[in-house]
Structures are given as C-alpha cells and as structure tokens.
Amino acid sequence: MEHPRPGTEPDRRRPPGMHDVARLAGVSQKTVSRVVNDERYVSAGAREKVLAAARELGYRPNSAARALITGRFQRIGVVSLGTALYGPTALLVALERATRAAGFSLIVANTAEGDPDSIQGGVDWLLEQGVDGVVLSEPIDEGQHLRLSSDVPVISFGRAPGLPDSQVVLARESAVASSREATEHLLDLGHRRVWHLAGPQRWWTSRERLEGWRQAHLARDAEPPPYLEGDWTPASGHRLGRRLAADPEVTAVFSANDDMAIGLVRALAETGRAVPGDVSVVGFDDIPSAAYLNPPLTTVRQDFESHAIRGLDLLLQHMEGAPTGAPETSGAFQLERRLIVRASTARPPSPSATKRLERTHRE
C-alpha cells in the first residue's frame, strides 16, 4: 500500500490545519494566517497558492482560534421574533444575504412575543456565543429596558428602550410618514374618514402606523374613528372586517399589514360590499401576492433588502470604531417605503348608494 508523502496530505484522523495548508502551498504558516485573516502584505500569487491549497485540503479556519488572535468572530447576531409573519421573515432573509456578502456569518436568537425577558435573553445568549455586532430586527415593547454590559455595537430596526445612544444605531425613519401617506391617499379620493385595522400595540411599528393614520385625520381637522386592533393575521382581519362591513359609514380602511387586509376584503365580499365600489382598502408591506389579489391591493411597499444593507453598513462602521453621536445626526437613516396604488382604492360611493345601504342594514 502506498502511503502519502509527508506534508502533502493531513492525517485523516484530524481536520487539516494551517500548517498543512502552508506545506502544500509552499509558504510559511504566517502567510497562511495573513490570508485567512484577510490581512495586507500578501502577494496575489501567494494568496492564490494558499486558497488553492485550502480548497484541495478542505481546510476551514477555526473561528474560535481566529477570534483569540484577531478579537473578531466574523459573526453578526440577530434577535428576531420566532414568527412566520412576512415582515420579520423578509427582513431576516435580507439580513442573512447582506451579512454573507460582507464576509460574516449570521447567528439568530428567536424570541417569543409576550415574554418580557425574551429580547434581553436573546441579546445575552448572542453575546455568550461570541458576536461582533447585534441586530434587533423587530423589537417589541415588552415593558422591559434592555441592558448591555458589553461594548458590542447594536443596531435596532425600531425603538429599543434602555440602550444608550453610544451603542445603538437606530434605523430611524418610522412608519409614521408612510402610514400618513396611505391614509391621505384615501382622504384625497374624497373619503371623509378612514377606519384603521391596527396591529398589536405592543409592536413599536404598529404604534407608528397608528400614529400616521391619526395624524392624517388631525391635519384636516377630522376626528379619526375608533381603531380596531388585530394580531397581523388574515383571521383577525376577517373577524374585525365583519364588524366594519356592518357599518354603512365605513367607506375606506387602512390596514396595518397586507395579511389583515386580505381577511378584511374577504369579510366585505361575504357581506355584499364591493372593493373598491363600496369600501376602499389599503394595506402595508406589499407581500408577493398583493398584486394578484382580486382586486389588486393598494399598499405600502417596504424595501427589506435596502433596509438590511443600509442597516448592516451602519453596524459595520460602528464595529470599526467610527464615532457615533446622537442617532438624529450620525446613526439615523431613512427606511425606504412608498405607496403602490392599485385597484383596491377609488372614490367613495355616492350619497344615494350609502343611504340605500343604511336602509338595507336597518331592515
């Protein structure tokens, strides 16, 4: 039996190491270390030899050992809701792509809504695992202030009470402006008031969408009607939609997300109220199916990919020691959202049609 030449293949009883790569590439172990840690002062030829040898041997850098040397784990931690909701899931997928493109791996701590310690516990767990930065992807107000005893920088895609400005880069443009625009679109069409299917009010973003809806009314000296609070699901939109469908005064509804809007449209159809002939509907998120509903849904589009890339860029700057002052001046950025007008919105029904509907309900 022919044995491999010493230095050409690693002992199969252990994984290949830096010295195996160095021997095969014909360079020093220090050169291999510089290539692995992406340092300068390595020629293009030597770098290619090292990378080729690493591929041939199946060498994978020991991240724990590298962290001891460089002080970096090359890993970003994300605290994310353990949910299948479109918004948090889309943002998490976009963050994974952005971190991979930046040369980092991603580790996720899923939290449970309603647990006051879940976000803090997720942050603590990520710090124990070893991360270079932390992203709070969809923080919820659970009545707790976060505490950090580490210098690891944090970016929050929403409010994060308890985190000092020096450690938080805030993705600051809230949903207030875009929700106000969505509501104003309906008011501009001639609807006197716009009803609101709100998301759960523990969510910061749900409160922001509620505030934008309220501001649109107050700016026109109109008293907003009482809002109805759902849980983001089509089922809650359907349940609350049945209540709205029974009120002849309801001619326009702004839903805090597209899923609840889908349930609302179904409830209106079941009670004989046409969209948009009798009731105009606007959603939020622009989920993939929104353009293919009957009718296609007017909604606010969120660019999760841009959010993730821009947010991660700010986090990386902070990790590199860039000075971070007040979020209003240095750590803030605007999340891009825009209203997509489709066929689910129109002018309100004529007064005579509204009166006929009122008589129908009285009978």
# chains A, B, ... in the order shown; residues from 1 in each chain; ligands from 1
>>> residues_around(residues="region 93-99 of chain A", least_positions_apart="2", cutoff="6 Å", atoms="only C-alpha atoms", output="mmCIF file with C-alpha atoms, in the first residue's frame")
data_model
loop_
_atom_site.group_PDB
_atom_site.id
_atom_site.type_symbol
_atom_site.label_atom_id
_atom_site.label_comp_id
_atom_site.auth_asym_id
_atom_site.auth_seq_id
_atom_site.Cartn_x
_atom_site.Cartn_y
_atom_site.Cartn_z
ATOM 1 C CA ALA A 90 -38.352 39.040 4.902
ATOM 2 C CA LEU A 91 -36.032 41.270 6.930
ATOM 3 C CA ALA A 101 -21.955 39.386 1.242
ATOM 4 C CA ALA A 102 -19.974 41.370 3.834
ATOM 5 C CA PHE A 104 -19.743 37.498 8.059
ATOM 6 C CA GLU A 305 -33.166 44.395 1.026
ATOM 7 C CA ALA A 308 -30.777 45.291 5.641
ATOM 8 C CA ILE A 309 -27.856 46.532 3.547
#
>>> residues_around(residues="Trp213 (chain A)", least_positions_apart="4", cutoff="6 Å", atoms="only C-alpha atoms", output="compact mmCIF listing (two decimals) with N, CA and C atoms, in the first residue's frame")
# COMPACT_ATOMS: atom_id res chain seq x y z
N SER A 179 -47.50 55.68 6.71
CA SER A 179 -48.89 55.40 7.09
C SER A 179 -49.77 56.62 6.91
N ARG A 180 -49.19 57.77 7.19
CA ARG A 180 -49.93 59.02 6.95
C ARG A 180 -50.21 59.19 5.46
N THR A 183 -53.06 56.92 4.39
CA THR A 183 -54.35 57.44 4.83
C THR A 183 -54.75 58.66 4.02
>>> select_by_dssp(residues="region 55-276 of chain A", states="strand (DSSP E)", output="PyMOL selection string")
chain A and resi 75-81+105-111+133-136+154-156+168-170+195-198+228-229+252-255
>>> residues_around(residues="region 203-211 of chain A", least_positions_apart="5", cutoff="9 Å", atoms="only C-alpha atoms", output="MDAnalysis selection string")
chainID A and resid 138:142 158:159 174:180 196:198 216 227 256
>>> write_last_selection(atoms="C-alpha atoms", output="PDB file, in the first residue's frame")
ATOM      1  CA  GLU A 138     -38.269  43.854  15.148  1.00  0.00           C
ATOM      2  CA  PRO A 139     -38.199  44.977  18.779  1.00  0.00           C
ATOM      3  CA  ILE A 140     -41.462  44.839  20.723  1.00  0.00           C
ATOM      4  CA  ASP A 141     -42.383  46.794  23.843  1.00  0.00           C
ATOM      5  CA  GLU A 142     -42.487  44.075  26.480  1.00  0.00           C
ATOM      6  CA  GLY A 158     -37.108  50.184  15.697  1.00  0.00           C
ATOM      7  CA  ARG A 159     -37.119  51.617  19.191  1.00  0.00           C
ATOM      8  CA  SER A 174     -40.563  55.189  11.303  1.00  0.00           C
ATOM      9  CA  ALA A 175     -43.725  54.030   9.622  1.00  0.00           C
ATOM     10  CA  VAL A 176     -45.486  57.232  10.665  1.00  0.00           C
ATOM     11  CA  ALA A 177     -44.843  59.124   7.420  1.00  0.00           C
ATOM     12  CA  SER A 178     -45.737  56.243   5.104  1.00  0.00           C
ATOM     13  CA  SER A 179     -48.890  55.395   7.090  1.00  0.00           C
ATOM     14  CA  ARG A 180     -49.932  59.020   6.952  1.00  0.00           C
ATOM     15  CA  HIS A 196     -57.958  51.536  10.739  1.00  0.00           C
ATOM     16  CA  LEU A 197     -57.201  47.865  11.300  1.00  0.00           C
ATOM     17  CA  ALA A 198     -54.237  48.240  13.654  1.00  0.00           C
ATOM     18  CA  ALA A 216     -53.566  62.370   8.574  1.00  0.00           C
ATOM     19  CA  TYR A 227     -59.438  51.866  15.537  1.00  0.00           C
ATOM     20  CA  ALA A 256     -51.569  47.894   9.232  1.00  0.00           C
TER      21      ALA A 256
END
>>> closest_residue(among="A:Asp132, A:Leu228, A:Gly121, A:Glu181", to="Pro153 (chain A)", atoms="only C-alpha atoms")
A:Asp132
>>> select_by_dssp(residues="region 26-205 of chain A", states="helix (DSSP H, G or I)", output="CSV table (one decimal) with N, CA and C atoms, in the first residue's frame")
chain,number,residue,atom,x,y,z
A,29,GLN,N,3.6,29.5,7.6
A,29,GLN,CA,2.4,29.4,8.3
A,29,GLN,C,1.8,30.8,8.5
A,30,LYS,N,2.8,31.8,8.7
A,30,LYS,CA,2.4,33.2,8.9
A,30,LYS,C,1.7,33.7,7.7
A,31,THR,N,2.1,33.3,6.5
A,31,THR,CA,1.5,33.8,5.3
A,31,THR,C,0.0,33.2,5.2
A,32,VAL,N,-0.1,31.9,5.6
A,32,VAL,CA,-1.4,31.3,5.6
A,32,VAL,C,-2.3,32.1,6.6
A,33,SER,N,-1.8,32.5,7.8
A,33,SER,CA,-2.6,33.2,8.7
A,33,SER,C,-3.0,34.6,8.2
A,34,ARG,N,-2.1,35.2,7.4
A,34,ARG,CA,-2.5,36.5,6.9
A,34,ARG,C,-3.6,36.4,5.8
A,35,VAL,N,-3.5,35.3,5.0
A,35,VAL,CA,-4.6,35.1,4.0
A,35,VAL,C,-5.9,34.8,4.7
A,36,VAL,N,-5.9,33.9,5.7
A,36,VAL,CA,-7.1,33.6,6.4
A,36,VAL,C,-7.7,34.8,7.1
A,44,ALA,N,-0.4,38.6,-4.5
A,44,ALA,CA,-1.5,37.9,-5.2
A,44,ALA,C,-1.2,36.4,-5.5
A,45,GLY,N,0.1,36.2,-5.9
A,45,GLY,CA,0.5,34.8,-6.2
A,45,GLY,C,0.4,33.9,-4.9
A,46,ALA,N,1.0,34.4,-3.8
A,46,ALA,CA,1.0,33.7,-2.6
A,46,ALA,C,-0.4,33.4,-2.1
A,47,ARG,N,-1.3,34.5,-2.2
A,47,ARG,CA,-2.7,34.3,-1.7
A,47,ARG,C,-3.4,33.2,-2.5
A,48,GLU,N,-3.2,33.2,-3.8
A,48,GLU,CA,-3.8,32.2,-4.7
A,48,GLU,C,-3.3,30.8,-4.3
A,49,LYS,N,-2.0,30.6,-4.0
A,49,LYS,CA,-1.5,29.3,-3.6
A,49,LYS,C,-2.2,28.9,-2.4
A,50,VAL,N,-2.3,29.8,-1.4
A,50,VAL,CA,-2.9,29.4,-0.1
A,50,VAL,C,-4.3,29.0,-0.3
A,51,LEU,N,-5.1,29.8,-1.1
A,51,LEU,CA,-6.5,29.5,-1.3
A,51,LEU,C,-6.7,28.2,-2.0
A,52,ALA,N,-5.8,27.9,-3.0
A,52,ALA,CA,-5.9,26.7,-3.7
A,52,ALA,C,-5.6,25.5,-2.8
A,53,ALA,N,-4.6,25.6,-2.0
A,53,ALA,CA,-4.3,24.5,-1.1
A,53,ALA,C,-5.4,24.3,-0.1
A,54,ALA,N,-6.0,25.4,0.4
A,54,ALA,CA,-7.1,25.3,1.4
A,54,ALA,C,-8.3,24.5,0.8
A,55,ARG,N,-8.6,24.9,-0.5
A,55,ARG,CA,-9.7,24.2,-1.2
A,55,ARG,C,-9.4,22.7,-1.4
A,56,GLU,N,-8.1,22.4,-1.8
A,56,GLU,CA,-7.8,21.0,-2.0
A,56,GLU,C,-7.8,20.2,-0.7
A,57,LEU,N,-7.4,20.7,0.4
A,57,LEU,CA,-7.4,20.0,1.7
A,57,LEU,C,-8.8,20.1,2.4
A,63,SER,N,-12.8,29.3,13.8
A,63,SER,CA,-13.2,30.6,14.1
A,63,SER,C,-12.9,31.0,15.6
A,64,ALA,N,-12.9,30.0,16.5
A,64,ALA,CA,-12.6,30.3,17.9
A,64,ALA,C,-11.2,30.7,18.0
A,65,ALA,N,-10.3,30.0,17.3
A,65,ALA,CA,-8.9,30.3,17.4
A,65,ALA,C,-8.6,31.7,16.8
A,66,ARG,N,-9.3,31.9,15.6
A,66,ARG,CA,-9.1,33.2,15.0
A,66,ARG,C,-9.6,34.4,15.8
A,67,ALA,N,-10.7,34.1,16.6
A,67,ALA,CA,-11.2,35.2,17.4
A,67,ALA,C,-10.2,35.5,18.5
A,68,LEU,N,-9.5,34.5,19.0
A,68,LEU,CA,-8.5,34.8,20.1
A,68,LEU,C,-7.4,35.7,19.5
A,69,ILE,N,-7.0,35.5,18.3
A,69,ILE,CA,-5.9,36.2,17.7
A,69,ILE,C,-6.3,37.6,17.3
A,70,THR,N,-7.5,37.7,16.6
A,70,THR,CA,-7.9,39.0,16.0
A,70,THR,C,-8.9,39.7,16.8
A,86,TYR,N,-44.7,37.9,7.5
A,86,TYR,CA,-43.9,38.3,6.3
A,86,TYR,C,-42.8,39.3,6.6
A,87,GLY,N,-43.2,40.4,7.3
A,87,GLY,CA,-42.2,41.5,7.6
A,87,GLY,C,-40.9,41.0,8.3
A,88,PRO,N,-41.1,40.4,9.5
A,88,PRO,CA,-39.9,40.0,10.2
A,88,PRO,C,-39.1,38.9,9.4
A,89,THR,N,-39.8,38.0,8.7
A,89,THR,CA,-39.1,36.9,8.0
A,89,THR,C,-38.4,37.5,6.8
A,90,ALA,N,-39.0,38.4,6.1
A,90,ALA,CA,-38.4,39.0,4.9
A,90,ALA,C,-37.1,39.8,5.3
A,91,LEU,N,-37.2,40.5,6.5
A,91,LEU,CA,-36.0,41.3,6.9
A,91,LEU,C,-34.9,40.3,7.3
A,92,LEU,N,-35.3,39.2,8.0
A,92,LEU,CA,-34.2,38.2,8.4
A,92,LEU,C,-33.5,37.6,7.2
A,93,VAL,N,-34.3,37.3,6.2
A,93,VAL,CA,-33.6,36.7,4.9
A,93,VAL,C,-32.7,37.8,4.3
A,94,ALA,N,-33.2,39.0,4.3
A,94,ALA,CA,-32.3,40.1,3.7
A,94,ALA,C,-31.1,40.3,4.5
A,95,LEU,N,-31.2,40.2,5.8
A,95,LEU,CA,-30.0,40.4,6.7
A,95,LEU,C,-29.0,39.3,6.5
A,96,GLU,N,-29.5,38.0,6.3
A,96,GLU,CA,-28.6,36.9,6.1
A,96,GLU,C,-27.8,37.1,4.8
A,97,ARG,N,-28.5,37.6,3.7
A,97,ARG,CA,-27.8,37.8,2.5
A,97,ARG,C,-26.8,38.9,2.6
A,98,ALA,N,-27.1,40.0,3.3
A,98,ALA,CA,-26.2,41.1,3.5
A,98,ALA,C,-25.0,40.8,4.3
A,99,THR,N,-25.2,40.0,5.4
A,99,THR,CA,-24.0,39.7,6.2
A,99,THR,C,-23.1,38.7,5.5
A,100,ARG,N,-23.7,37.8,4.7
A,100,ARG,CA,-22.8,36.9,4.0
A,100,ARG,C,-22.0,37.6,2.9
A,101,ALA,N,-22.7,38.6,2.2
A,101,ALA,CA,-22.0,39.4,1.2
A,101,ALA,C,-20.8,40.2,1.9
A,118,SER,N,-37.6,38.0,26.8
A,118,SER,CA,-37.1,37.2,25.6
A,118,SER,C,-36.1,38.0,24.8
A,119,ILE,N,-36.3,39.3,24.6
A,119,ILE,CA,-35.3,40.1,23.9
A,119,ILE,C,-34.0,40.2,24.6
A,120,GLN,N,-34.1,40.5,25.9
A,120,GLN,CA,-32.9,40.6,26.7
A,120,GLN,C,-32.2,39.3,26.7
A,121,GLY,N,-32.9,38.2,26.9
A,121,GLY,CA,-32.3,36.9,26.9
A,121,GLY,C,-31.7,36.5,25.5
A,122,GLY,N,-32.3,37.0,24.4
A,122,GLY,CA,-31.7,36.7,23.1
A,122,GLY,C,-30.4,37.5,23.0
A,123,VAL,N,-30.3,38.7,23.4
A,123,VAL,CA,-29.1,39.5,23.3
A,123,VAL,C,-28.0,38.9,24.2
A,124,ASP,N,-28.4,38.5,25.4
A,124,ASP,CA,-27.4,37.8,26.3
A,124,ASP,C,-26.8,36.5,25.7
A,125,TRP,N,-27.7,35.7,25.1
A,125,TRP,CA,-27.3,34.5,24.5
A,125,TRP,C,-26.3,34.7,23.4
A,126,LEU,N,-26.6,35.7,22.5
A,126,LEU,CA,-25.7,36.0,21.4
A,126,LEU,C,-24.4,36.5,21.9
A,127,LEU,N,-24.3,37.3,22.9
A,127,LEU,CA,-23.0,37.7,23.4
A,127,LEU,C,-22.2,36.6,24.0
A,128,GLU,N,-22.9,35.6,24.6
A,128,GLU,CA,-22.2,34.4,25.1
A,128,GLU,C,-21.7,33.6,24.0
A,129,GLN,N,-22.3,33.5,22.8
A,129,GLN,CA,-21.9,32.7,21.7
A,129,GLN,C,-20.7,33.4,21.0
A,165,ASP,N,-27.3,55.7,23.5
A,165,ASP,CA,-27.1,56.2,22.1
A,165,ASP,C,-25.7,55.7,21.6
A,166,SER,N,-24.8,55.7,22.5
A,166,SER,CA,-23.4,55.3,22.1
A,166,SER,C,-23.3,53.9,21.6
A,167,GLN,N,-24.3,53.1,21.9
A,167,GLN,CA,-24.2,51.7,21.5
A,167,GLN,C,-25.4,51.3,20.5
A,176,VAL,N,-44.5,56.2,10.5
A,176,VAL,CA,-45.5,57.2,10.7
A,176,VAL,C,-45.7,57.9,9.3
A,177,ALA,N,-44.7,58.4,8.6
A,177,ALA,CA,-44.8,59.1,7.4
A,177,ALA,C,-45.5,58.3,6.3
A,178,SER,N,-45.1,57.0,6.2
A,178,SER,CA,-45.7,56.2,5.1
A,178,SER,C,-47.2,55.9,5.4
A,179,SER,N,-47.5,55.7,6.7
A,179,SER,CA,-48.9,55.4,7.1
A,179,SER,C,-49.8,56.6,6.9
A,180,ARG,N,-49.2,57.8,7.2
A,180,ARG,CA,-49.9,59.0,7.0
A,180,ARG,C,-50.2,59.2,5.5
A,181,GLU,N,-49.2,58.9,4.6
A,181,GLU,CA,-49.4,59.0,3.2
A,181,GLU,C,-50.5,58.0,2.7
A,182,ALA,N,-50.5,56.8,3.2
A,182,ALA,CA,-51.5,55.8,2.8
A,182,ALA,C,-52.9,56.3,3.2
A,183,THR,N,-53.1,56.9,4.4
A,183,THR,CA,-54.3,57.4,4.8
A,183,THR,C,-54.7,58.7,4.0
A,184,GLU,N,-53.8,59.5,3.7
A,184,GLU,CA,-54.1,60.7,2.9
A,184,GLU,C,-54.5,60.4,1.5
A,185,HIS,N,-54.0,59.3,1.0
A,185,HIS,CA,-54.4,58.8,-0.3
A,185,HIS,C,-55.9,58.6,-0.3
A,186,LEU,N,-56.4,58.0,0.7
A,186,LEU,CA,-57.9,57.7,0.8
A,186,LEU,C,-58.7,59.0,1.0
A,187,LEU,N,-58.2,59.9,1.9
A,187,LEU,CA,-58.8,61.1,2.1
A,187,LEU,C,-58.9,62.0,0.9
A,188,ASP,N,-57.8,62.0,0.1
A,188,ASP,CA,-57.7,62.7,-1.1
A,188,ASP,C,-58.7,62.2,-2.2
A,204,TRP,N,-43.8,48.3,18.3
A,204,TRP,CA,-43.5,49.7,18.1
A,204,TRP,C,-44.0,50.1,16.7
A,205,THR,N,-43.7,49.3,15.7
A,205,THR,CA,-44.1,49.7,14.3
A,205,THR,C,-45.6,49.8,14.2
>>> atom_distance(atom1="CA of Arg214 (chain A)", atom2="CA of Ser350 (chain A)")
25.1 Å
>>> residues_around(residues="region 229-233 of chain A", least_positions_apart="3", cutoff="6 Å", atoms="only C-alpha atoms", output="MDAnalysis selection string")
chainID A and resid 197:200 236 259:260
>>> closest_residue(among="A:Asp117, A:Leu312, A:Ile262, A:Val134", to="Ser289 (chain A)", atoms="only C-alpha atoms")
A:Ile262
>>> atom_distance(atom1="CA of Glu270 (chain A)", atom2="CA of Val253 (chain A)")
16.6 Å
>>> residues_around(residues="Arg239 (chain A)", least_positions_apart="6", cutoff="8 Å", atoms="only C-alpha atoms", output="tab-separated table (two decimals) with N, CA and C atoms, in the first residue's frame")
chain	number	residue	atom	x	y	z
A	263	GLY	N	-57.94	39.38	4.91
A	263	GLY	CA	-59.10	38.94	5.68
A	263	GLY	C	-60.23	39.93	5.62
A	264	LEU	N	-59.90	41.22	5.63
A	264	LEU	CA	-60.92	42.27	5.54
A	264	LEU	C	-61.66	42.20	4.21
A	267	ALA	N	-64.12	39.44	4.20
A	267	ALA	CA	-65.30	39.74	5.02
A	267	ALA	C	-66.24	40.69	4.29
>>> residues_around(residues="Ser344 (chain A)", least_positions_apart="4", cutoff="7 Å", atoms="only C-alpha atoms", output="list in words")
Val275, Pro276, Ser280, Val281, Pro295, Pro296, Leu297 and Thr298 of chain A
>>> atom_distance(atom1="CA of Pro226 (chain A)", atom2="CA of Gly212 (chain A)")
14.3 Å
>>> closest_residue(among="A:Val300, A:Val135, A:Leu163, A:Ile107", to="Arg147 (chain A)", atoms="only C-alpha atoms")
A:Leu163
>>> closest_residue(among="A:Val108, A:Val279, A:Val194, A:Leu146", to="Arg75 (chain A)", atoms="only C-alpha atoms")
A:Val108
